[in-house]
>>> print(open('model-v7.csv').read())   # CSV, C-alpha atoms
chain,number,residue,atom,x,y,z
A,1,MET,CA,33.1,94.4,94.3
A,2,ILE,CA,36.6,95.7,95.1
A,3,THR,CA,37.5,92.5,96.9
A,4,ARG,CA,36.5,90.5,93.8
A,5,ARG,CA,38.6,92.7,91.6
A,6,LEU,CA,41.7,92.2,93.8
A,7,LEU,CA,41.2,88.4,93.8
A,8,VAL,CA,41.0,88.5,90.0
A,9,ILE,CA,44.2,90.6,89.7
A,10,ALA,CA,46.1,88.2,92.0
A,11,ALA,CA,45.0,85.1,90.1
A,12,THR,CA,46.0,86.7,86.8
A,13,ALA,CA,49.5,87.6,88.2
A,14,ARG,CA,50.0,84.0,89.4
A,15,ALA,CA,49.0,82.7,86.1
A,16,LEU,CA,51.4,85.0,84.2
A,17,HIS,CA,54.2,84.4,86.8
A,18,VAL,CA,54.4,88.2,87.4
A,19,THR,CA,56.1,89.3,90.6
A,20,PRO,CA,54.0,91.8,92.6
A,21,PRO,CA,55.7,95.2,92.9
A,22,GLY,CA,56.3,94.9,96.7
A,23,VAL,CA,58.2,91.6,96.3
A,24,ARG,CA,60.3,93.0,93.4
A,25,ARG,CA,61.3,95.9,95.6
A,26,ARG,CA,62.4,93.6,98.5
A,27,THR,CA,64.4,91.5,96.0
A,28,ARG,CA,66.3,94.5,94.8
A,29,LEU,CA,67.1,95.6,98.3
A,30,ALA,CA,68.4,92.1,99.2
A,31,ALA,CA,70.6,92.1,96.1
A,32,ALA,CA,72.1,95.5,97.0
A,33,THR,CA,72.8,94.3,100.5
A,34,VAL,CA,74.8,91.3,99.2
A,35,SER,CA,76.8,93.4,96.7
A,36,THR,CA,78.1,95.7,99.5
A,37,THR,CA,79.5,92.9,101.6
A,38,THR,CA,83.2,93.3,101.9
A,39,GLU,CA,86.1,91.2,103.2
A,40,ARG,CA,89.0,92.8,105.2
A,41,THR,CA,92.3,91.1,105.7
A,42,LEU,CA,95.2,92.3,107.8
A,43,ALA,CA,98.7,91.0,107.1
A,44,VAL,CA,102.3,91.9,108.0
A,45,ALA,CA,104.2,93.4,105.1
A,46,SER,CA,106.7,90.9,103.9
A,47,ASN,CA,108.1,92.3,100.6
A,48,ARG,CA,108.8,95.5,98.8
A,49,GLY,CA,105.4,95.5,97.1
A,50,ASP,CA,103.6,95.6,100.5
A,51,LEU,CA,105.9,98.4,101.8
A,52,ARG,CA,105.3,100.4,98.6
A,53,ALA,CA,101.5,100.0,99.0
A,54,ALA,CA,101.8,101.3,102.6
A,55,ALA,CA,104.1,104.1,101.5
A,56,GLU,CA,101.5,105.3,98.9
A,57,LEU,CA,98.9,105.5,101.6
A,58,CYS,CA,101.2,107.5,103.9
A,59,GLY,CA,102.1,109.8,101.1
A,60,VAL,CA,98.4,110.8,100.7
A,61,ALA,CA,97.7,111.0,104.4
A,62,PHE,CA,100.9,112.8,105.6
A,63,PRO,CA,101.9,115.4,103.1
A,64,PRO,CA,104.3,117.0,102.1
A,65,ALA,CA,106.5,114.0,102.5
A,66,SER,CA,106.5,111.9,99.4
A,67,ALA,CA,105.7,108.2,99.1
A,68,ASP,CA,109.4,107.5,98.5
A,69,GLU,CA,110.3,109.1,101.8
A,70,HIS,CA,107.7,107.1,103.6
A,71,PHE,CA,109.0,104.0,101.9
A,72,ARG,CA,112.4,104.6,103.4
A,73,VAL,CA,110.8,105.1,106.8
A,74,LEU,CA,108.7,102.0,106.6
A,75,SER,CA,111.7,100.0,105.4
A,76,ASP,CA,114.2,101.4,107.8
A,77,PRO,CA,112.8,103.7,110.6
A,78,ALA,CA,116.3,104.9,111.5
A,79,CYS,CA,116.7,106.2,107.9
A,80,LEU,CA,115.0,109.5,108.7
A,81,ALA,CA,115.1,111.5,111.9
A,82,ASN,CA,112.6,111.0,114.7
A,83,VAL,CA,113.3,113.3,117.7
A,84,PHE,CA,111.1,111.3,120.1
A,85,PHE,CA,112.9,107.9,120.0
A,86,ASP,CA,116.0,105.9,119.1
A,87,VAL,CA,115.4,102.7,117.1
A,88,ARG,CA,116.4,99.5,118.9
A,89,GLY,CA,115.2,96.8,116.6
A,90,ARG,CA,113.4,95.7,113.4
A,91,ALA,CA,110.0,97.3,112.9
A,92,SER,CA,106.8,95.6,111.9
A,93,VAL,CA,104.4,97.0,109.2
A,94,ALA,CA,100.8,95.9,108.9
A,95,LEU,CA,98.7,96.4,105.8
A,96,LEU,CA,94.9,96.4,105.9
A,97,ARG,CA,93.1,95.4,102.7
A,98,GLU,CA,89.5,95.5,101.7
A,99,ASP,CA,88.5,93.3,98.8
A,100,GLY,CA,92.2,93.2,97.8
A,101,LEU,CA,92.6,97.0,97.9
A,102,SER,CA,94.9,98.6,100.5
A,103,ILE,CA,92.9,100.9,102.8
A,104,GLY,CA,95.2,101.4,105.8
A,105,CYS,CA,98.6,100.7,107.4
A,106,ALA,CA,100.6,101.1,110.6
A,107,GLN,CA,104.2,100.6,111.8
A,108,VAL,CA,105.4,99.4,115.2
A,109,VAL,CA,109.0,100.3,116.0
A,110,PRO,CA,111.0,98.9,118.9
A,111,CYS,CA,112.8,101.8,120.4
A,112,ALA,CA,114.1,103.7,123.4
A,113,VAL,CA,112.4,106.9,124.6
A,114,ARG,CA,114.3,110.1,124.2
A,115,LYS,CA,114.2,113.0,126.6
A,116,GLU,CA,112.3,115.0,123.9
A,117,ALA,CA,109.3,112.6,124.4
A,118,SER,CA,109.4,112.2,128.2
A,119,SER,CA,111.9,113.5,130.7
A,120,SER,CA,110.8,110.8,133.2
A,121,SER,CA,111.2,107.8,130.8
A,122,ILE,CA,114.5,108.5,129.1
A,123,GLY,CA,115.9,105.2,127.7
A,124,LYS,CA,112.8,103.2,128.5
A,125,PRO,CA,112.3,100.4,125.9
A,126,VAL,CA,108.9,100.6,124.3
A,127,LEU,CA,107.1,100.0,121.1
A,128,TRP,CA,106.2,103.1,119.1
A,129,VAL,CA,103.3,103.3,116.7
A,130,GLN,CA,103.7,105.6,113.7
A,131,CYS,CA,102.6,105.9,110.1
A,132,LEU,CA,99.1,104.8,111.0
A,133,CYS,CA,96.7,106.0,108.3
A,134,VAL,CA,93.4,105.0,106.7
A,135,THR,CA,92.0,106.1,103.3
A,136,PRO,CA,89.2,108.8,103.6
A,137,THR,CA,86.5,106.5,102.3
A,138,SER,CA,87.3,103.8,105.0
A,139,ARG,CA,87.4,106.1,108.0
A,140,ARG,CA,84.9,105.6,110.8
A,141,THR,CA,84.5,102.0,109.8
A,142,GLY,CA,86.8,100.4,112.4
A,143,ALA,CA,89.9,100.2,110.2
A,144,ALA,CA,92.0,102.3,112.5
A,145,ARG,CA,90.9,100.3,115.5
A,146,ALA,CA,91.8,97.1,113.8
A,147,LEU,CA,95.3,98.4,113.1
A,148,MET,CA,95.7,99.5,116.7
A,149,ALA,CA,94.5,96.1,117.9
A,150,TRP,CA,97.2,94.5,115.8
A,151,ALA,CA,99.8,96.9,117.3
A,152,GLU,CA,98.8,96.0,120.8
A,153,ARG,CA,99.1,92.3,119.9
A,154,GLU,CA,102.7,93.0,118.7
A,155,ALA,CA,103.5,94.6,122.1
A,156,SER,CA,101.8,91.8,124.0
A,157,SER,CA,103.8,89.2,122.2
A,158,ALA,CA,107.0,91.2,122.8
A,159,ALA,CA,106.2,91.2,126.6
A,160,GLN,CA,105.6,87.5,126.5
A,161,ALA,CA,108.8,86.8,124.6
A,162,SER,CA,110.8,89.0,127.1
A,163,GLY,CA,109.3,87.3,130.1
A,164,VAL,CA,107.8,90.5,131.6
A,165,SER,CA,104.2,91.2,132.7
A,166,ASP,CA,103.5,94.0,130.2
A,167,ALA,CA,104.9,96.3,127.5
A,168,GLU,CA,104.2,99.9,126.7
A,169,ILE,CA,102.9,101.3,123.4
A,170,TRP,CA,103.7,105.0,122.7
A,171,LEU,CA,102.7,107.3,120.0
A,172,ALA,CA,102.7,111.0,119.1
A,173,VAL,CA,99.8,112.8,117.6
A,174,GLN,CA,99.6,116.4,116.4
A,175,GLU,CA,97.9,118.8,118.8
A,176,ALA,CA,95.3,119.9,116.3
A,177,ASN,CA,94.3,116.3,115.3
A,178,ASN,CA,91.4,116.0,117.7
A,179,ALA,CA,89.8,113.1,115.9
A,180,ALA,CA,92.9,110.9,116.3
A,181,ARG,CA,93.4,112.0,120.0
A,182,SER,CA,89.8,111.0,120.7
A,183,LEU,CA,90.3,107.6,119.1
A,184,TYR,CA,93.4,106.9,121.1
A,185,GLU,CA,91.8,108.1,124.3
A,186,GLY,CA,88.9,105.7,123.6
A,187,LEU,CA,91.4,102.9,123.2
A,188,GLY,CA,92.9,103.5,126.7
A,189,PHE,CA,95.9,105.8,125.8
A,190,THR,CA,96.8,108.5,128.3
A,191,ASN,CA,98.9,111.6,127.8
A,192,ASP,CA,102.4,111.6,129.2
A,193,GLU,CA,102.9,113.8,132.2
A,194,GLY,CA,105.2,116.1,130.2
A,195,GLY,CA,102.3,117.5,128.2
A,196,LEU,CA,102.7,118.7,124.7
A,197,ARG,CA,106.1,118.1,123.0
A,198,LEU,CA,107.1,120.0,119.9
A,199,GLY,CA,103.4,120.5,119.0
A,200,HIS,CA,102.5,116.9,119.6
A,201,ALA,CA,100.7,115.1,122.3
A,202,VAL,CA,102.8,112.1,123.5
A,203,MET,CA,100.5,109.2,124.5
A,204,ARG,CA,101.1,105.8,126.1
A,205,LYS,CA,99.4,102.6,127.1
A,206,SER,CA,100.4,99.5,129.0
A,207,VAL,CA,99.6,96.2,127.3
A,208,PRO,CA,99.7,92.9,129.3
A,209,ALA,CA,101.7,90.0,128.1
A,210,ALA,CA,100.0,87.5,125.9
A,211,ALA,CA,99.0,84.3,127.7
A,212,ALA,CA,99.7,82.3,124.5
A,213,ALA,CA,100.3,82.8,120.8
A,214,VAL,CA,97.2,83.0,118.7
A,215,THR,CA,97.4,80.6,115.7
A,216,GLY,CA,97.3,82.4,112.4
A,217,ASP,CA,97.6,85.8,113.9
A,218,PRO,CA,100.1,87.8,111.9
A,219,ARG,CA,103.3,88.8,113.7
A,220,GLY,CA,106.2,90.9,112.7
A,221,PRO,CA,109.8,91.4,113.9
A,222,ALA,CA,108.7,93.8,116.6
A,223,ALA,CA,106.9,91.0,118.3
A,224,SER,CA,110.2,89.5,119.3
A,225,PHE,CA,111.7,92.7,120.7
A,226,ASP,CA,113.7,91.9,123.9
A,227,LEU,CA,112.5,94.5,126.4
A,228,VAL,CA,114.8,93.3,129.1
A,229,ALA,CA,118.0,93.3,127.1
A,230,ALA,CA,117.1,96.7,125.6
A,231,GLU,CA,116.7,98.2,129.1
A,232,THR,CA,120.2,97.2,130.2
A,233,PRO,CA,122.6,100.0,129.4
A,234,SER,CA,125.4,99.1,127.1
A,235,SER,CA,129.0,99.2,128.3
A,236,GLY,CA,130.1,100.5,124.9
A,237,PRO,CA,130.4,99.3,121.3
A,238,PRO,CA,131.9,95.9,120.6
A,239,LEU,CA,135.6,95.8,119.8
A,240,ASP,CA,135.0,95.0,116.1
A,241,LYS,CA,132.6,98.0,115.8
A,242,ALA,CA,135.0,100.3,117.6
A,243,LEU,CA,137.8,99.3,115.2
A,244,GLN,CA,135.6,99.8,112.2
A,245,GLU,CA,134.8,103.3,113.4
A,246,ALA,CA,138.4,104.1,114.2
A,247,ALA,CA,139.9,102.7,111.0
A,248,PRO,CA,138.8,105.6,108.7
A,249,ALA,CA,140.2,108.2,111.1
A,250,GLY,CA,143.5,106.2,111.4
A,251,LEU,CA,143.8,106.0,107.6
A,252,VAL,CA,143.3,109.7,107.3
A,253,GLY,CA,146.1,110.2,109.8
A,254,VAL,CA,148.5,108.0,108.0
A,255,VAL,CA,147.8,109.7,104.6
A,256,ALA,CA,148.2,113.1,106.2
A,257,LEU,CA,151.5,112.0,107.8
A,258,LEU,CA,152.9,110.7,104.5
A,259,GLY,CA,151.7,113.7,102.6
A,260,ALA,CA,153.4,116.1,105.1
A,261,SER,CA,156.6,114.0,104.8
A,262,ALA,CA,156.6,114.3,101.0
A,263,LEU,CA,156.1,118.1,101.2
A,264,VAL,CA,159.0,118.6,103.6
A,265,ALA,CA,161.3,116.0,102.2
A,266,PRO,CA,163.7,118.6,100.6
A,267,PHE,CA,164.3,120.0,104.0
A,268,CYS,CA,165.0,116.7,105.8
A,269,TYR,CA,167.6,116.3,108.6
A,270,GLY,CA,171.2,116.0,107.5
A,271,GLY,CA,170.5,115.9,103.9
A,272,LEU,CA,170.2,112.1,104.0
A,273,GLY,CA,166.8,111.9,102.3
A,274,GLU,CA,165.0,110.8,105.4
A,275,PRO,CA,161.5,112.3,105.8
A,276,ALA,CA,161.5,115.2,108.2
A,277,PRO,CA,158.6,113.9,110.5
A,278,LEU,CA,160.4,110.6,111.0
A,279,ALA,CA,163.7,112.3,111.7
A,280,MET,CA,162.0,114.6,114.1
A,281,TRP,CA,160.3,111.7,115.9
A,282,LYS,CA,163.6,109.9,116.2
A,283,SER,CA,165.2,113.0,117.7
A,284,TRP,CA,162.4,113.5,120.2
A,285,ILE,CA,162.4,109.9,121.5
A,286,GLY,CA,166.1,109.6,121.4
A,287,GLY,CA,166.3,106.1,119.8
A,288,PRO,CA,166.0,104.3,116.5
A,289,PHE,CA,162.3,103.5,115.8
A,290,SER,CA,160.7,102.2,112.6
A,291,ILE,CA,157.9,103.6,110.6
A,292,ILE,CA,155.4,101.8,112.9
A,293,SER,CA,156.0,104.5,115.5
A,294,ASP,CA,155.0,107.1,113.0
A,295,VAL,CA,151.9,105.3,112.0
A,296,ALA,CA,151.0,104.8,115.7
A,297,LEU,CA,151.4,108.5,116.4
A,298,GLY,CA,149.2,109.3,113.4
A,299,LEU,CA,146.5,106.9,114.6
A,300,VAL,CA,146.5,108.4,118.1
A,301,VAL,CA,146.2,111.9,116.9
A,302,ALA,CA,143.5,111.2,114.3
A,303,CYS,CA,141.4,109.1,116.7
A,304,GLY,CA,141.6,111.8,119.3
A,305,ALA,CA,140.4,114.4,116.9
A,306,GLU,CA,137.6,112.2,115.7
A,307,LEU,CA,136.5,111.4,119.2
A,308,ALA,CA,136.4,115.1,120.1
A,309,ARG,CA,134.4,115.9,117.0
A,310,LYS,CA,131.8,113.2,117.7
A,311,THR,CA,131.5,114.3,121.4
A,312,LEU,CA,130.8,117.9,120.4
A,313,ALA,CA,128.4,116.9,117.7
A,314,ASN,CA,126.4,114.7,120.1
A,315,ASP,CA,126.2,117.4,122.8
A,316,ASP,CA,124.9,119.9,120.3
A,317,ALA,CA,122.3,117.5,118.9
A,318,ASP,CA,121.0,116.5,122.4
A,319,ASP,CA,120.7,120.1,123.6
A,320,ASP,CA,118.7,121.2,120.6
A,321,PRO,CA,116.0,118.7,119.3
A,322,VAL,CA,115.4,120.9,116.2
A,323,ALA,CA,119.0,120.7,115.4
A,324,ALA,CA,118.9,116.9,115.8
A,325,LEU,CA,116.1,116.8,113.2
A,326,GLU,CA,118.0,119.0,110.8
A,327,GLN,CA,121.2,117.0,111.3
A,328,ASN,CA,119.9,113.4,110.7
A,329,PRO,CA,118.4,114.0,107.3
A,330,SER,CA,121.9,114.4,106.0
A,331,LEU,CA,122.5,110.8,107.1
A,332,ALA,CA,119.1,109.9,105.6
A,333,GLY,CA,120.3,111.3,102.3
A,334,GLN,CA,123.3,109.1,102.3
A,335,LYS,CA,121.2,106.1,103.1
A,336,ALA,CA,118.8,107.1,100.4
A,337,ALA,CA,121.6,107.0,97.9
A,338,LEU,CA,122.5,103.5,99.0
A,339,TRP,CA,118.9,102.5,98.7
A,340,ARG,CA,118.8,103.6,95.1
A,341,VAL,CA,122.0,101.8,94.3
A,342,THR,CA,121.3,98.5,96.1
A,343,GLY,CA,117.5,98.4,95.8
A,344,ALA,CA,117.4,96.4,99.0
A,345,ALA,CA,114.6,96.4,101.6
A,346,THR,CA,114.8,95.0,105.1
>>> encode(input="model-v7.csv", output="structure tokens")
Amino acid sequence: MITRRLLVIAATARALHVTPPGVRRRTRLAAATVSTTTERTLAVASNRGDLRAAAELCGVAFPPASADEHFRVLSDPACLANVFFDVRGRASVALLREDGLSIGCAQVVPCAVRKEASSSSIGKPVLWVQCLCVTPTSRRTGAARALMAWAEREASSAAQASGVSDAEIWLAVQEANNAARSLYEGLGFTNDEGGLRLGHAVMRKSVPAAAAAVTGDPRGPAASFDLVAAETPSSGPPLDKALQEAAPAGLVGVVALLGASALVAPFCYGGLGEPAPLAMWKSWIGGPFSIISDVALGLVVACGAELARKTLANDDADDDPVAALEQNPSLAGQKAALWRVTGAAT
């Protein structure tokens, strides 16, 4: 009797084109599965809009620094102080998107290691990963690993372009950030032998050179970082740069000399109206010399004073890393003003 009733119900359902409850439930589940399928794309930031999107992510992930401050760091890593490295080239920024929405970013900076990061690798050219962050809803979904894989490809390409067998990636993570440290350890990063540095664990990893470029794989400026050239110590600044640095000091010396001459003009030698410094200079050297001699003297004195000032400033900054951090933001403020005026992004 029960079997006969079930057969009648099934025949009636087929006649009325009614979907049985079990089938309807499976259809709904399949539709939900399709609706949650997402598409992720990773691209190198190429304009101000990309950098601004990455800066907004960093502003949320790394307070109290604002998005504007992170924008300056992403656009020009040398704009704000980093006690662990000195910038040596143009940085790359990657932006990870999911269905068109930005969910993560990372920056790779060509640099030289400072003694605050490692006493055994001072001046070593490496690629430094910073500003790596992922939105809270996208964590533990492989987003951070995808960004780190891109960073390793940047380093691998740099090694290939430099003709060396491998390149090193470095990063610094806060001591209390156990989740990030576990992630990097799982990716093969090891702690530097120096241990904790200023409350951070400095970690490093060697990446072999790429066998060949991957078609369509995004590459940034850091991928062309010349590791060999960066390792060669420089013999000093080029002549044109040295003259540019000395010119302001020389101008100050000339202005000071002329101003002093105007102040003491009433007390000039012999009452002939000749500026006192010029008359004194002539009396010292014992011969008739033109104003060029006075200008040369002013340049020598001003350049010497400027050199002494820079030497003392560099020594103080190197001895105290905290002072270095406090000193560089003043330069960052000057650059920030230029950013607001020019509105340019590198």
>>> atom_distance(input="model-v7.csv", atom1="atom CA of A:Val87", atom2="atom CA of A:Arg197")
18.9 Å
>>> residues_around(input="model-v7.csv", residues="A:Cys133", least_positions_apart="6", cutoff="7 Å", atoms="all atoms listed in the file", output="list of chain:residue names")
A:Cys58, A:Ala61, A:Gly104, A:Cys105, A:Ala106
>>> write_last_selection(input="model-v7.csv", atoms="C-alpha atoms", output="compact mmCIF listing (two decimals), keeping the file's coordinate frame")
# COMPACT_ATOMS: atom_id res chain seq x y z
CA CYS A 58 101.20 107.50 103.90
CA ALA A 61 97.70 111.00 104.40
CA GLY A 104 95.20 101.40 105.80
CA CYS A 105 98.60 100.70 107.40
CA ALA A 106 100.60 101.10 110.60
>>> residues_around(input="model-v7.csv", residues="A:Val164", least_positions_apart="2", cutoff="10 Å", atoms="only C-alpha atoms", output="PyMOL selection string")
chain A and resi 156+158-162+166-167+208-209+226-228
>>> closest_atom_pairs(input="model-v7.csv", of="stretch 52-134 of chain A", to="stretch 173-178 of chain A", cutoff="12 Å", atoms="all atoms listed in the file", output="tab-separated table")
residue	atom	partner	partner_atom	distance
A:Phe62	CA	A:Gln174	CA	11.5
A:Phe84	CA	A:Val173	CA	11.7
A:Ala117	CA	A:Val173	CA	11.7
A:Trp128	CA	A:Val173	CA	11.7
A:Val129	CA	A:Val173	CA	10.2
A:Gln130	CA	A:Val173	CA	9.1
A:Cys131	CA	A:Val173	CA	10.6
A:Leu132	CA	A:Val173	CA	10.4
A:Cys133	CA	A:Val173	CA	11.9
>>> write_last_selection(input="model-v7.csv", atoms="C-alpha atoms", output="mmCIF file, in the frame of the given file")
data_model
loop_
_atom_site.group_PDB
_atom_site.id
_atom_site.type_symbol
_atom_site.label_atom_id
_atom_site.label_comp_id
_atom_site.auth_asym_id
_atom_site.auth_seq_id
_atom_site.Cartn_x
_atom_site.Cartn_y
_atom_site.Cartn_z
ATOM 1 C CA PHE A 62 100.900 112.800 105.600
ATOM 2 C CA PHE A 84 111.100 111.300 120.100
ATOM 3 C CA ALA A 117 109.300 112.600 124.400
ATOM 4 C CA TRP A 128 106.200 103.100 119.100
ATOM 5 C CA VAL A 129 103.300 103.300 116.700
ATOM 6 C CA GLN A 130 103.700 105.600 113.700
ATOM 7 C CA CYS A 131 102.600 105.900 110.100
ATOM 8 C CA LEU A 132 99.100 104.800 111.000
ATOM 9 C CA CYS A 133 96.700 106.000 108.300
#
>>> atom_distance(input="model-v7.csv", atom1="atom CA of A:Glu98", atom2="atom CA of A:Ser224")
27.8 Å
>>> closest_residue(input="model-v7.csv", among="A:Val126, A:Ala172, A:Val207, A:Ala144", to="A:Val113", atoms="all atoms listed in the file")
A:Val126
>>> closest_residue(input="model-v7.csv", among="A:Leu57, A:Leu96, A:Val44, A:Ala222", to="A:His70", atoms="all atoms listed in the file")
A:Leu57
>>> atom_distance(input="model-v7.csv", atom1="atom CA of A:Phe85", atom2="atom CA of A:Glu69")
18.4 Å
>>> decode(input="model-v7.csv", residues="stretch 96-131 of chain A", atoms="C-alpha atoms", output="PDB file, in the first residue's frame")
ATOM      1  CA  LEU A  96      46.414  42.226  -5.146  1.00  0.00           C
ATOM      2  CA  ARG A  97      42.777  42.568  -6.169  1.00  0.00           C
ATOM      3  CA  GLU A  98      39.791  40.281  -5.741  1.00  0.00           C
ATOM      4  CA  ASP A  99      36.844  40.891  -8.055  1.00  0.00           C
ATOM      5  CA  GLY A 100      38.229  44.367  -8.674  1.00  0.00           C
ATOM      6  CA  LEU A 101      38.615  45.268  -4.985  1.00  0.00           C
ATOM      7  CA  SER A 102      42.074  45.806  -3.458  1.00  0.00           C
ATOM      8  CA  ILE A 103      42.740  43.242  -0.736  1.00  0.00           C
ATOM      9  CA  GLY A 104      46.525  43.361  -0.271  1.00  0.00           C
ATOM     10  CA  CYS A 105      49.795  45.014  -1.245  1.00  0.00           C
ATOM     11  CA  ALA A 106      53.552  44.740  -0.786  1.00  0.00           C
ATOM     12  CA  GLN A 107      56.644  46.773  -1.623  1.00  0.00           C
ATOM     13  CA  VAL A 108      60.106  45.516  -2.627  1.00  0.00           C
ATOM     14  CA  VAL A 109      62.920  48.033  -2.075  1.00  0.00           C
ATOM     15  CA  PRO A 110      66.448  47.679  -3.526  1.00  0.00           C
ATOM     16  CA  CYS A 111      68.702  48.692  -0.666  1.00  0.00           C
ATOM     17  CA  ALA A 112      71.920  48.243   1.292  1.00  0.00           C
ATOM     18  CA  VAL A 113      71.775  46.746   4.785  1.00  0.00           C
ATOM     19  CA  ARG A 114      72.647  49.067   7.671  1.00  0.00           C
ATOM     20  CA  LYS A 115      74.462  47.988  10.807  1.00  0.00           C
ATOM     21  CA  GLU A 116      71.218  48.429  12.779  1.00  0.00           C
ATOM     22  CA  ALA A 117      69.809  45.439  10.852  1.00  0.00           C
ATOM     23  CA  SER A 118      72.892  43.195  10.826  1.00  0.00           C
ATOM     24  CA  SER A 119      76.431  43.823  11.998  1.00  0.00           C
ATOM     25  CA  SER A 120      77.767  41.103   9.704  1.00  0.00           C
ATOM     26  CA  SER A 121      76.097  42.288   6.470  1.00  0.00           C
ATOM     27  CA  ILE A 122      76.710  46.039   6.502  1.00  0.00           C
ATOM     28  CA  GLY A 123      76.397  47.455   2.997  1.00  0.00           C
ATOM     29  CA  LYS A 124      75.176  44.186   1.479  1.00  0.00           C
ATOM     30  CA  PRO A 125      72.817  44.825  -1.488  1.00  0.00           C
ATOM     31  CA  VAL A 126      69.487  43.074  -0.917  1.00  0.00           C
ATOM     32  CA  LEU A 127      65.809  43.487  -1.686  1.00  0.00           C
ATOM     33  CA  TRP A 128      63.744  44.469   1.325  1.00  0.00           C
ATOM     34  CA  VAL A 129      60.053  43.614   1.646  1.00  0.00           C
ATOM     35  CA  GLN A 130      57.905  46.102   3.536  1.00  0.00           C
ATOM     36  CA  CYS A 131      54.331  47.447   3.621  1.00  0.00           C
TER      37      CYS A 131
END
